[in-house]
$ cat target.cif   # mmCIF, C-alpha atoms; chains and numbers go by the auth columns
data_protein
#
loop_
_atom_site.group_PDB
_atom_site.id
_atom_site.type_symbol
_atom_site.label_atom_id
_atom_site.label_comp_id
_atom_site.label_asym_id
_atom_site.label_seq_id
_atom_site.Cartn_x
_atom_site.Cartn_y
_atom_site.Cartn_z
_atom_site.B_iso_or_equiv
_atom_site.auth_seq_id
_atom_site.auth_asym_id
ATOM 1 C CA MET A 1 -46.362 -45.339 -199.887 0.00 20 A
ATOM 2 C CA THR A 2 -48.233 -48.031 -197.982 0.00 21 A
ATOM 3 C CA ILE A 3 -47.881 -51.794 -197.675 0.00 22 A
ATOM 4 C CA LEU A 4 -51.640 -52.204 -197.301 0.00 23 A
ATOM 5 C CA PRO A 5 -53.599 -53.827 -200.156 0.00 24 A
ATOM 6 C CA PRO A 6 -55.257 -51.155 -202.334 0.00 25 A
ATOM 7 C CA SER A 7 -58.776 -52.291 -201.373 0.00 26 A
ATOM 8 C CA ILE A 8 -58.064 -51.991 -197.630 0.00 27 A
ATOM 9 C CA PHE A 9 -56.271 -48.686 -198.109 0.00 28 A
ATOM 10 C CA LYS A 10 -59.231 -47.300 -200.053 0.00 29 A
ATOM 11 C CA TRP A 11 -61.686 -48.495 -197.404 0.00 30 A
ATOM 12 C CA LEU A 12 -59.668 -46.930 -194.583 0.00 31 A
ATOM 13 C CA ARG A 13 -59.552 -43.589 -196.405 0.00 32 A
ATOM 14 C CA SER A 14 -63.288 -43.647 -197.075 0.00 33 A
ATOM 15 C CA LYS A 15 -64.032 -44.350 -193.375 0.00 34 A
ATOM 16 C CA GLN A 16 -61.581 -41.910 -191.818 0.00 35 A
ATOM 17 C CA PHE A 17 -64.147 -39.907 -189.876 0.00 36 A
ATOM 18 C CA LEU A 18 -65.887 -43.007 -188.537 0.00 37 A
ATOM 19 C CA LEU A 19 -62.574 -44.534 -187.496 0.00 38 A
ATOM 20 C CA LEU A 20 -61.543 -41.322 -185.740 0.00 39 A
ATOM 21 C CA VAL A 21 -64.814 -41.344 -183.763 0.00 40 A
ATOM 22 C CA MET A 22 -64.336 -45.017 -182.875 0.00 41 A
ATOM 23 C CA SER A 23 -60.765 -44.319 -181.794 0.00 42 A
ATOM 24 C CA LEU A 24 -61.854 -41.446 -179.551 0.00 43 A
ATOM 25 C CA LEU A 25 -64.624 -43.537 -177.990 0.00 44 A
ATOM 26 C CA SER A 26 -62.155 -46.357 -177.385 0.00 45 A
ATOM 27 C CA VAL A 27 -59.825 -43.995 -175.546 0.00 46 A
ATOM 28 C CA LEU A 28 -62.720 -42.757 -173.392 0.00 47 A
ATOM 29 C CA LEU A 29 -63.794 -46.331 -172.623 0.00 48 A
ATOM 30 C CA LEU A 30 -60.201 -47.229 -171.816 0.00 49 A
ATOM 31 C CA LEU A 31 -60.101 -44.286 -169.418 0.00 50 A
ATOM 32 C CA PHE A 32 -63.266 -45.603 -167.762 0.00 51 A
ATOM 33 C CA VAL A 33 -61.669 -49.053 -167.447 0.00 52 A
ATOM 34 C CA LYS A 34 -58.545 -47.441 -166.002 0.00 53 A
ATOM 35 C CA ILE A 35 -60.553 -45.569 -163.367 0.00 54 A
ATOM 36 C CA SER A 36 -62.517 -48.715 -162.499 0.00 55 A
ATOM 37 C CA VAL A 37 -59.304 -50.705 -162.076 0.00 56 A
ATOM 38 C CA VAL A 38 -57.882 -48.061 -159.738 0.00 57 A
ATOM 39 C CA GLN A 39 -61.061 -48.091 -157.642 0.00 58 A
ATOM 40 C CA MET A 40 -60.969 -51.891 -157.401 0.00 59 A
ATOM 41 C CA PHE A 41 -57.234 -52.050 -156.788 0.00 60 A
ATOM 42 C CA ASP A 42 -57.337 -52.654 -153.048 0.00 61 A
ATOM 43 C CA SER A 43 -60.243 -55.099 -153.105 0.00 62 A
ATOM 44 C CA ILE A 44 -59.950 -57.052 -156.350 0.00 63 A
ATOM 45 C CA SER A 45 -57.777 -59.784 -154.841 0.00 64 A
ATOM 46 C CA SER A 46 -60.453 -60.500 -152.222 0.00 65 A
ATOM 47 C CA ILE A 47 -63.321 -60.696 -154.746 0.00 66 A
ATOM 48 C CA PRO A 48 -64.446 -64.252 -155.597 0.00 67 A
ATOM 49 C CA ASP A 49 -63.474 -65.223 -159.147 0.00 68 A
ATOM 50 C CA SER A 50 -61.116 -62.261 -159.286 0.00 69 A
ATOM 51 C CA SER A 51 -59.067 -64.059 -161.944 0.00 70 A
ATOM 52 C CA ILE A 52 -62.103 -64.008 -164.271 0.00 71 A
ATOM 53 C CA ILE A 53 -62.515 -60.285 -163.683 0.00 72 A
ATOM 54 C CA SER A 54 -58.825 -59.731 -164.386 0.00 73 A
ATOM 55 C CA LYS A 55 -58.983 -61.709 -167.638 0.00 74 A
ATOM 56 C CA PHE A 56 -62.098 -59.822 -168.729 0.00 75 A
ATOM 57 C CA ILE A 57 -60.451 -56.447 -168.056 0.00 76 A
ATOM 58 C CA ILE A 58 -57.272 -57.461 -169.888 0.00 77 A
ATOM 59 C CA THR A 59 -59.257 -58.757 -172.881 0.00 78 A
ATOM 60 C CA LEU A 60 -61.383 -55.599 -173.023 0.00 79 A
ATOM 61 C CA THR A 61 -58.234 -53.481 -172.832 0.00 80 A
ATOM 62 C CA LEU A 62 -56.673 -55.360 -175.759 0.00 81 A
ATOM 63 C CA VAL A 63 -59.823 -54.949 -177.870 0.00 82 A
ATOM 64 C CA LEU A 64 -59.977 -51.196 -177.214 0.00 83 A
ATOM 65 C CA ILE A 65 -56.265 -50.785 -177.898 0.00 84 A
ATOM 66 C CA ALA A 66 -56.684 -52.630 -181.212 0.00 85 A
ATOM 67 C CA ILE A 67 -59.360 -50.117 -182.275 0.00 86 A
ATOM 68 C CA ILE A 68 -57.482 -46.957 -181.307 0.00 87 A
ATOM 69 C CA PRO A 69 -54.827 -46.980 -184.110 0.00 88 A
ATOM 70 C CA LEU A 70 -57.238 -47.780 -186.957 0.00 89 A
ATOM 71 C CA PRO A 71 -57.449 -44.138 -188.202 0.00 90 A
ATOM 72 C CA ILE A 72 -53.678 -43.861 -188.654 0.00 91 A
ATOM 73 C CA ILE A 73 -52.484 -47.216 -190.039 0.00 92 A
ATOM 74 C CA HIS A 74 -52.792 -45.929 -193.625 0.00 93 A
ATOM 75 C CA LYS A 75 -51.116 -42.587 -192.885 0.00 94 A
ATOM 76 C CA GLY A 76 -47.477 -43.561 -193.132 0.00 95 A
ATOM 77 C CA ILE A 77 -44.639 -44.881 -191.030 0.00 96 A
ATOM 78 C CA VAL A 78 -44.219 -41.877 -188.704 0.00 97 A
ATOM 79 C CA PRO A 79 -47.725 -41.970 -187.123 0.00 98 A
ATOM 80 C CA ILE A 80 -47.521 -45.760 -186.907 0.00 99 A
ATOM 81 C CA ALA A 81 -44.139 -45.602 -185.170 0.00 100 A
ATOM 82 C CA ILE A 82 -45.437 -43.095 -182.639 0.00 101 A
ATOM 83 C CA ALA A 83 -48.519 -45.242 -182.027 0.00 102 A
ATOM 84 C CA GLY A 84 -46.214 -48.215 -181.555 0.00 103 A
ATOM 85 C CA ILE A 85 -44.825 -46.435 -178.504 0.00 104 A
ATOM 86 C CA GLY A 86 -48.148 -45.137 -177.182 0.00 105 A
ATOM 87 C CA LEU A 87 -50.217 -48.337 -177.352 0.00 106 A
ATOM 88 C CA PRO A 88 -47.975 -50.443 -175.064 0.00 107 A
ATOM 89 C CA LEU A 89 -47.961 -47.559 -172.587 0.00 108 A
ATOM 90 C CA LEU A 90 -51.773 -47.453 -172.599 0.00 109 A
ATOM 91 C CA TYR A 91 -51.898 -51.199 -172.036 0.00 110 A
ATOM 92 C CA ALA A 92 -49.365 -51.100 -169.220 0.00 111 A
ATOM 93 C CA GLY A 93 -51.059 -48.139 -167.562 0.00 112 A
ATOM 94 C CA THR A 94 -54.376 -50.000 -167.536 0.00 113 A
ATOM 95 C CA VAL A 95 -53.418 -53.551 -166.541 0.00 114 A
ATOM 96 C CA ILE A 96 -50.457 -53.008 -164.199 0.00 115 A
ATOM 97 C CA PRO A 97 -52.724 -52.613 -161.133 0.00 116 A
ATOM 98 C CA ILE A 98 -54.570 -55.816 -162.117 0.00 117 A
ATOM 99 C CA THR A 99 -51.472 -57.921 -162.666 0.00 118 A
ATOM 100 C CA ALA A 100 -49.778 -56.471 -159.604 0.00 119 A
ATOM 101 C CA THR A 101 -52.460 -57.804 -157.252 0.00 120 A
ATOM 102 C CA SER A 102 -51.059 -61.288 -157.719 0.00 121 A
ATOM 103 C CA SER A 103 -47.659 -60.194 -156.441 0.00 122 A
ATOM 104 C CA SER A 104 -46.660 -60.631 -152.836 0.00 123 A
ATOM 105 C CA GLY A 105 -46.014 -57.647 -150.579 0.00 124 A
ATOM 106 C CA ILE A 106 -48.248 -55.363 -152.604 0.00 125 A
ATOM 107 C CA SER A 107 -49.784 -53.557 -149.634 0.00 126 A
ATOM 108 C CA GLY A 108 -46.625 -51.616 -149.000 0.00 127 A
ATOM 109 C CA ASN A 109 -46.220 -50.522 -152.656 0.00 128 A
ATOM 110 C CA SER A 110 -49.800 -49.802 -153.749 0.00 129 A
ATOM 111 C CA GLU A 111 -49.373 -46.035 -154.038 0.00 130 A
ATOM 112 C CA GLU A 112 -46.184 -46.434 -156.033 0.00 131 A
ATOM 113 C CA ILE A 113 -47.813 -48.947 -158.400 0.00 132 A
ATOM 114 C CA LEU A 114 -50.805 -46.690 -159.011 0.00 133 A
ATOM 115 C CA PHE A 115 -48.504 -43.714 -159.591 0.00 134 A
ATOM 116 C CA ILE A 116 -46.459 -45.627 -162.179 0.00 135 A
ATOM 117 C CA ALA A 117 -49.602 -46.915 -163.911 0.00 136 A
ATOM 118 C CA GLU A 118 -51.054 -43.409 -164.109 0.00 137 A
ATOM 119 C CA GLY A 119 -47.815 -42.101 -165.609 0.00 138 A
ATOM 120 C CA TYR A 120 -47.778 -44.817 -168.254 0.00 139 A
ATOM 121 C CA PHE A 121 -51.410 -44.175 -169.147 0.00 140 A
ATOM 122 C CA LEU A 122 -51.044 -40.400 -169.483 0.00 141 A
ATOM 123 C CA LEU A 123 -47.886 -40.797 -171.539 0.00 142 A
ATOM 124 C CA GLY A 124 -49.674 -43.298 -173.777 0.00 143 A
ATOM 125 C CA VAL A 125 -52.575 -40.890 -174.348 0.00 144 A
ATOM 126 C CA SER A 126 -50.074 -38.145 -175.182 0.00 145 A
ATOM 127 C CA MET A 127 -48.265 -40.326 -177.712 0.00 146 A
ATOM 128 C CA MET A 128 -51.509 -41.364 -179.404 0.00 147 A
ATOM 129 C CA THR A 129 -52.604 -37.726 -179.606 0.00 148 A
ATOM 130 C CA PHE A 130 -49.244 -36.875 -181.143 0.00 149 A
ATOM 131 C CA SER A 131 -49.656 -39.766 -183.594 0.00 150 A
ATOM 132 C CA ILE A 132 -53.101 -38.632 -184.779 0.00 151 A
ATOM 133 C CA ILE A 133 -51.934 -35.021 -185.130 0.00 152 A
ATOM 134 C CA SER A 134 -48.919 -36.083 -187.199 0.00 153 A
ATOM 135 C CA ALA A 135 -51.264 -38.116 -189.414 0.00 154 A
ATOM 136 C CA TYR A 136 -54.049 -35.590 -189.988 0.00 155 A
ATOM 137 C CA LYS A 137 -52.740 -32.121 -189.088 0.00 156 A
ATOM 138 C CA PRO A 138 -48.928 -32.141 -189.208 0.00 157 A
ATOM 139 C CA SER A 139 -48.807 -28.355 -189.679 0.00 158 A
ATOM 140 C CA ILE A 140 -49.605 -28.029 -185.953 0.00 159 A
ATOM 141 C CA LEU A 141 -46.182 -29.527 -185.264 0.00 160 A
ATOM 142 C CA TYR A 142 -44.337 -26.891 -187.323 0.00 161 A
ATOM 143 C CA VAL A 143 -42.081 -24.590 -185.378 0.00 162 A
ATOM 144 C CA LYS A 144 -43.113 -20.950 -185.232 0.00 163 A
ATOM 145 C CA ASN A 145 -40.227 -19.598 -187.309 0.00 164 A
ATOM 146 C CA ARG A 146 -40.263 -22.204 -190.083 0.00 165 A
ATOM 147 C CA PRO A 147 -39.680 -21.218 -193.722 0.00 166 A
ATOM 148 C CA LYS A 148 -42.986 -20.084 -195.205 0.00 167 A
ATOM 149 C CA ASP A 149 -44.546 -22.683 -197.505 0.00 168 A
ATOM 150 C CA MET A 150 -44.793 -21.076 -200.947 0.00 169 A
ATOM 151 C CA GLY A 151 -45.839 -24.237 -202.771 0.00 170 A
ATOM 152 C CA ASP A 152 -43.688 -25.148 -205.784 0.00 171 A
ATOM 153 C CA MET A 153 -41.050 -22.429 -205.651 0.00 172 A
ATOM 154 C CA SER A 154 -39.355 -23.369 -208.928 0.00 173 A
ATOM 155 C CA GLN A 155 -36.409 -21.827 -210.694 0.00 174 A
ATOM 156 C CA GLU A 156 -38.698 -20.933 -213.598 0.00 175 A
ATOM 157 C CA GLU A 157 -40.770 -18.734 -211.296 0.00 176 A
ATOM 158 C CA TYR A 158 -37.871 -17.419 -209.226 0.00 177 A
ATOM 159 C CA PRO A 159 -34.404 -17.711 -210.842 0.00 178 A
ATOM 160 C CA LEU A 160 -31.449 -18.633 -208.691 0.00 179 A
ATOM 161 C CA TRP A 161 -29.081 -15.932 -207.547 0.00 180 A
ATOM 162 C CA ASP A 162 -25.590 -17.433 -207.505 0.00 181 A
ATOM 163 C CA LYS A 163 -23.301 -14.661 -206.338 0.00 182 A
ATOM 164 C CA MET A 164 -21.249 -16.758 -203.944 0.00 183 A
ATOM 165 C CA ASP A 165 -18.019 -14.778 -204.429 0.00 184 A
ATOM 166 C CA GLU A 166 -19.174 -11.170 -204.592 0.00 185 A
ATOM 167 C CA GLY A 167 -20.737 -11.599 -208.010 0.00 186 A
ATOM 168 C CA ALA A 168 -17.811 -12.224 -210.322 0.00 187 A
ATOM 169 C CA ASN A 169 -19.603 -15.075 -212.097 0.00 188 A
ATOM 170 C CA HIS A 170 -23.125 -13.712 -212.433 0.00 189 A
ATOM 171 C CA ILE A 171 -24.047 -10.516 -214.317 0.00 190 A
ATOM 172 C CA ILE A 172 -27.588 -9.281 -213.763 0.00 191 A
ATOM 173 C CA SER A 173 -27.372 -5.788 -215.177 0.00 192 A
ATOM 174 C CA VAL A 174 -25.243 -3.223 -216.960 0.00 193 A
ATOM 175 C CA GLY A 175 -24.527 0.450 -216.593 0.00 194 A
ATOM 176 C CA ARG A 176 -25.373 2.005 -213.258 0.00 195 A
ATOM 177 C CA PHE A 177 -25.467 -1.292 -211.329 0.00 196 A
ATOM 178 C CA ASP A 178 -21.997 -2.495 -212.329 0.00 197 A
ATOM 179 C CA ASP A 179 -20.153 -0.821 -209.480 0.00 198 A
ATOM 180 C CA GLU A 180 -22.807 -1.428 -206.819 0.00 199 A
ATOM 181 C CA VAL A 181 -21.452 -2.754 -203.554 0.00 200 A
ATOM 182 C CA ASN A 182 -22.264 -6.393 -202.784 0.00 201 A
ATOM 183 C CA ILE A 183 -22.687 -7.538 -199.200 0.00 202 A
ATOM 184 C CA PRO A 184 -23.335 -10.926 -197.565 0.00 203 A
ATOM 185 C CA LEU A 185 -27.018 -11.754 -197.582 0.00 204 A
ATOM 186 C CA LYS A 186 -26.727 -12.464 -193.856 0.00 205 A
ATOM 187 C CA ASP A 187 -26.033 -8.766 -193.265 0.00 206 A
ATOM 188 C CA LEU A 188 -29.674 -8.071 -194.193 0.00 207 A
ATOM 189 C CA MET A 189 -30.965 -10.438 -191.523 0.00 208 A
ATOM 190 C CA SER A 190 -31.569 -10.001 -187.840 0.00 209 A
ATOM 191 C CA GLU A 191 -29.522 -11.961 -185.335 0.00 210 A
ATOM 192 C CA ILE A 192 -32.439 -14.325 -184.670 0.00 211 A
ATOM 193 C CA GLU A 193 -32.900 -14.969 -188.410 0.00 212 A
ATOM 194 C CA THR A 194 -29.256 -15.966 -188.789 0.00 213 A
ATOM 195 C CA TYR A 195 -29.764 -18.589 -186.073 0.00 214 A
ATOM 196 C CA LEU A 196 -32.662 -20.028 -188.114 0.00 215 A
ATOM 197 C CA LEU A 197 -30.780 -20.109 -191.423 0.00 216 A
ATOM 198 C CA TRP A 198 -30.041 -23.840 -191.111 0.00 217 A
ATOM 199 C CA ARG A 199 -33.722 -24.392 -191.955 0.00 218 A
ATOM 200 C CA TYR A 200 -33.417 -22.669 -195.355 0.00 219 A
ATOM 201 C CA SER A 201 -31.871 -23.889 -198.587 0.00 220 A
ATOM 202 C CA HIS A 202 -32.758 -20.583 -200.320 0.00 221 A
ATOM 203 C CA VAL A 203 -34.204 -17.228 -199.287 0.00 222 A
ATOM 204 C CA LEU A 204 -36.489 -15.152 -201.485 0.00 223 A
ATOM 205 C CA VAL A 205 -34.830 -11.785 -202.181 0.00 224 A
ATOM 206 C CA SER A 206 -35.836 -8.779 -204.273 0.00 225 A
ATOM 207 C CA ILE A 207 -32.781 -7.558 -206.196 0.00 226 A
ATOM 208 C CA HIS A 208 -33.296 -4.559 -208.449 0.00 227 A
ATOM 209 C CA GLU A 209 -37.049 -5.268 -208.260 0.00 228 A
ATOM 210 C CA ILE A 210 -36.592 -8.845 -209.497 0.00 229 A
ATOM 211 C CA ARG A 211 -37.269 -11.758 -207.170 0.00 230 A
ATOM 212 C CA TYR A 212 -34.504 -14.340 -206.808 0.00 231 A
ATOM 213 C CA LEU A 213 -33.934 -17.440 -204.730 0.00 232 A
ATOM 214 C CA ALA A 214 -30.615 -16.745 -203.045 0.00 233 A
ATOM 215 C CA ASN A 215 -28.379 -19.135 -201.159 0.00 234 A
ATOM 216 C CA PRO A 216 -28.045 -17.970 -197.521 0.00 235 A
ATOM 217 C CA ASN A 217 -24.270 -17.686 -198.003 0.00 236 A
ATOM 218 C CA SER A 218 -24.451 -15.609 -201.185 0.00 237 A
ATOM 219 C CA TYR A 219 -23.637 -11.927 -201.756 0.00 238 A
ATOM 220 C CA VAL A 220 -26.261 -9.448 -202.915 0.00 239 A
ATOM 221 C CA PRO A 221 -26.355 -5.708 -203.702 0.00 240 A
ATOM 222 C CA TYR A 222 -26.736 -3.669 -200.542 0.00 241 A
ATOM 223 C CA THR A 223 -30.081 -2.320 -201.850 0.00 242 A
ATOM 224 C CA SER A 224 -31.577 -5.827 -201.895 0.00 243 A
ATOM 225 C CA ILE A 225 -34.624 -6.647 -199.784 0.00 244 A
ATOM 226 C CA ILE A 226 -35.380 -9.981 -198.102 0.00 245 A
ATOM 227 C CA LEU A 227 -39.044 -10.779 -198.647 0.00 246 A
ATOM 228 C CA ARG A 228 -41.052 -11.637 -195.552 0.00 247 A
ATOM 229 C CA ASP A 229 -44.602 -12.797 -194.857 0.00 248 A
ATOM 230 C CA GLU A 230 -47.297 -10.948 -192.928 0.00 249 A
ATOM 231 C CA ASN A 231 -45.773 -12.157 -189.646 0.00 250 A
ATOM 232 C CA GLY A 232 -42.316 -10.852 -190.505 0.00 251 A
ATOM 233 C CA ARG A 233 -40.794 -14.298 -191.207 0.00 252 A
ATOM 234 C CA MET A 234 -38.384 -14.753 -194.098 0.00 253 A
ATOM 235 C CA ILE A 235 -39.895 -16.461 -197.147 0.00 254 A
ATOM 236 C CA GLY A 236 -37.860 -19.224 -198.685 0.00 255 A
ATOM 237 C CA LYS A 237 -37.408 -22.886 -199.474 0.00 256 A
ATOM 238 C CA GLY A 238 -37.010 -25.213 -196.507 0.00 257 A
ATOM 239 C CA ARG A 239 -33.843 -27.287 -196.435 0.00 258 A
ATOM 240 C CA PHE A 240 -35.807 -30.312 -195.254 0.00 259 A
ATOM 241 C CA SER A 241 -39.040 -31.717 -196.679 0.00 260 A
ATOM 242 C CA SER A 242 -40.210 -33.512 -193.503 0.00 261 A
ATOM 243 C CA TYR A 243 -43.394 -32.293 -191.820 0.00 262 A
ATOM 244 C CA LEU A 244 -41.553 -32.364 -188.478 0.00 263 A
ATOM 245 C CA VAL A 245 -39.005 -29.640 -189.486 0.00 264 A
#
$ encode --input "target.cif" --output "structure tokens"
Amino acid sequence: MTILPPSIFKWLRSKQFLLLVMSLLSVLLLLFVKISVVQMFDSISSIPDSSIISKFIITLTLVLIAIIPLPIIHKGIVPIAIAGIGLPLLYAGTVIPITATSSSGISGNSEEILFIAEGYFLLGVSMMTFSIISAYKPSILYVKNRPKDMGDMSQEEYPLWDKMDEGANHIISVGRFDDEVNIPLKDLMSEIETYLLWRYSHVLVSIHEIRYLANPNSYVPYTSIILRDENGRMIGKGRFSSYLV
């Protein structure tokens, strides 16, 4: 969902690569401006027409900062919110040394001012990087032991296993399986996997060679097998749909 007009949204999507290149170049130019400001920090107040130089640097900084978020403004509220934190930090990290030269008693605090400005700038770059990643490659932000994405894991493909009370309300077989011992599904997991269970709404389990989606708190026959991916992680449905889970 976007509040942008359809024509603008379509144009932004068609120019994604170009906008990403422009954004990267703007960051590099902003870094160059930042370095130049630091080099001029001690002498800018003594330069004739220093106010003109300051205004030019501030204007250039604003133009570059306006270009940087263009690739992500059509990507949703999360990247925009992150950029909303990073852009002011980039601006502050660039112009603080310029605006500080007009303050009295600056000679005794120059190192502190430059240190603060550098911190703001680096934090701003980090936030903008985070914003672009969340917009274009959110899978990078997944935790290592997340539930494996199995696409549309529907009940038609994998029926629900609902033995929440040792199976009294759900019959899956007759004959030789009737008296089979049921155990908590958690007993089939490692200690680390039980700590990660809050991420799962259901776990994929093979019960009598049939695959079921089982609630983490359910009971299953002791011969059941929890299905895992090639990295040994449990396969299941994530409890949360957000990319940041």
$ resolve_selection --input "target.cif" --expression "the PyMOL selection byres ((chain A and resi 87-104) around 8)" --output "PyMOL selection string"
chain A and resi 20-21+23+28+31-32+35+38-39+41-43+45-46+83-86+105-108+143+146-147+149-151+153-154
$ resolve_selection --input "target.cif" --expression "the PyMOL selection byres ((chain A and resi 205) around 10)" --output "MDAnalysis selection string"
chainID A and resid 202:204 206:210 212:213 216 235:239 245
$ atom_distance --input "target.cif" --atom1 "CA of Leu141 in chain A" --atom2 "CA of Leu109 in chain A"
7.7 Å
$ atom_distance --input "target.cif" --atom1 "CA of His221 in chain A" --atom2 "CA of Ala233 in chain A"
5.2 Å
$ atom_distance --input "target.cif" --atom1 "CA of Leu47 in chain A" --atom2 "CA of Thr148 in chain A"
12.9 Å
$ closest_residue --input "target.cif" --among "A:Val57, A:Pro25, A:Ile72, A:Tyr155" --to "Glu130 in chain A" --atoms "all atoms listed in the file"
A:Val57
$ resolve_selection --input "target.cif" --expression "the PyMOL selection byres ((chain A and resi 137) around 12)" --output "JSON, numbers by chain"
{"A": [50, 53, 54, 56, 57, 108, 109, 110, 111, 112, 113, 114, 115, 116, 130, 131, 132, 133, 134, 135, 136, 138, 139, 140, 141, 142, 143, 144]}
$ write_last_selection --input "target.cif" --atoms "C-alpha atoms" --output "PDB file, in the frame of the given file"
ATOM      1  CA  LEU A  50     -60.101 -44.286-169.418  1.00  0.00           C
ATOM      2  CA  LYS A  53     -58.545 -47.441-166.002  1.00  0.00           C
ATOM      3  CA  ILE A  54     -60.553 -45.569-163.367  1.00  0.00           C
ATOM      4  CA  VAL A  56     -59.304 -50.705-162.076  1.00  0.00           C
ATOM      5  CA  VAL A  57     -57.882 -48.061-159.738  1.00  0.00           C
ATOM      6  CA  LEU A 108     -47.961 -47.559-172.587  1.00  0.00           C
ATOM      7  CA  LEU A 109     -51.773 -47.453-172.599  1.00  0.00           C
ATOM      8  CA  TYR A 110     -51.898 -51.199-172.036  1.00  0.00           C
ATOM      9  CA  ALA A 111     -49.365 -51.100-169.220  1.00  0.00           C
ATOM     10  CA  GLY A 112     -51.059 -48.139-167.562  1.00  0.00           C
ATOM     11  CA  THR A 113     -54.376 -50.000-167.536  1.00  0.00           C
ATOM     12  CA  VAL A 114     -53.418 -53.551-166.541  1.00  0.00           C
ATOM     13  CA  ILE A 115     -50.457 -53.008-164.199  1.00  0.00           C
ATOM     14  CA  PRO A 116     -52.724 -52.613-161.133  1.00  0.00           C
ATOM     15  CA  GLU A 130     -49.373 -46.035-154.038  1.00  0.00           C
ATOM     16  CA  GLU A 131     -46.184 -46.434-156.033  1.00  0.00           C
ATOM     17  CA  ILE A 132     -47.813 -48.947-158.400  1.00  0.00           C
ATOM     18  CA  LEU A 133     -50.805 -46.690-159.011  1.00  0.00           C
ATOM     19  CA  PHE A 134     -48.504 -43.714-159.591  1.00  0.00           C
ATOM     20  CA  ILE A 135     -46.459 -45.627-162.179  1.00  0.00           C
ATOM     21  CA  ALA A 136     -49.602 -46.915-163.911  1.00  0.00           C
ATOM     22  CA  GLY A 138     -47.815 -42.101-165.609  1.00  0.00           C
ATOM     23  CA  TYR A 139     -47.778 -44.817-168.254  1.00  0.00           C
ATOM     24  CA  PHE A 140     -51.410 -44.175-169.147  1.00  0.00           C
ATOM     25  CA  LEU A 141     -51.044 -40.400-169.483  1.00  0.00           C
ATOM     26  CA  LEU A 142     -47.886 -40.797-171.539  1.00  0.00           C
ATOM     27  CA  GLY A 143     -49.674 -43.298-173.777  1.00  0.00           C
ATOM     28  CA  VAL A 144     -52.575 -40.890-174.348  1.00  0.00           C
TER      29      VAL A 144
END
$ closest_residue --input "target.cif" --among "A:Val52, A:Ile117, A:Ile27, A:Leu37" --to "Ser70 in chain A" --atoms "all atoms listed in the file"
A:Ile117
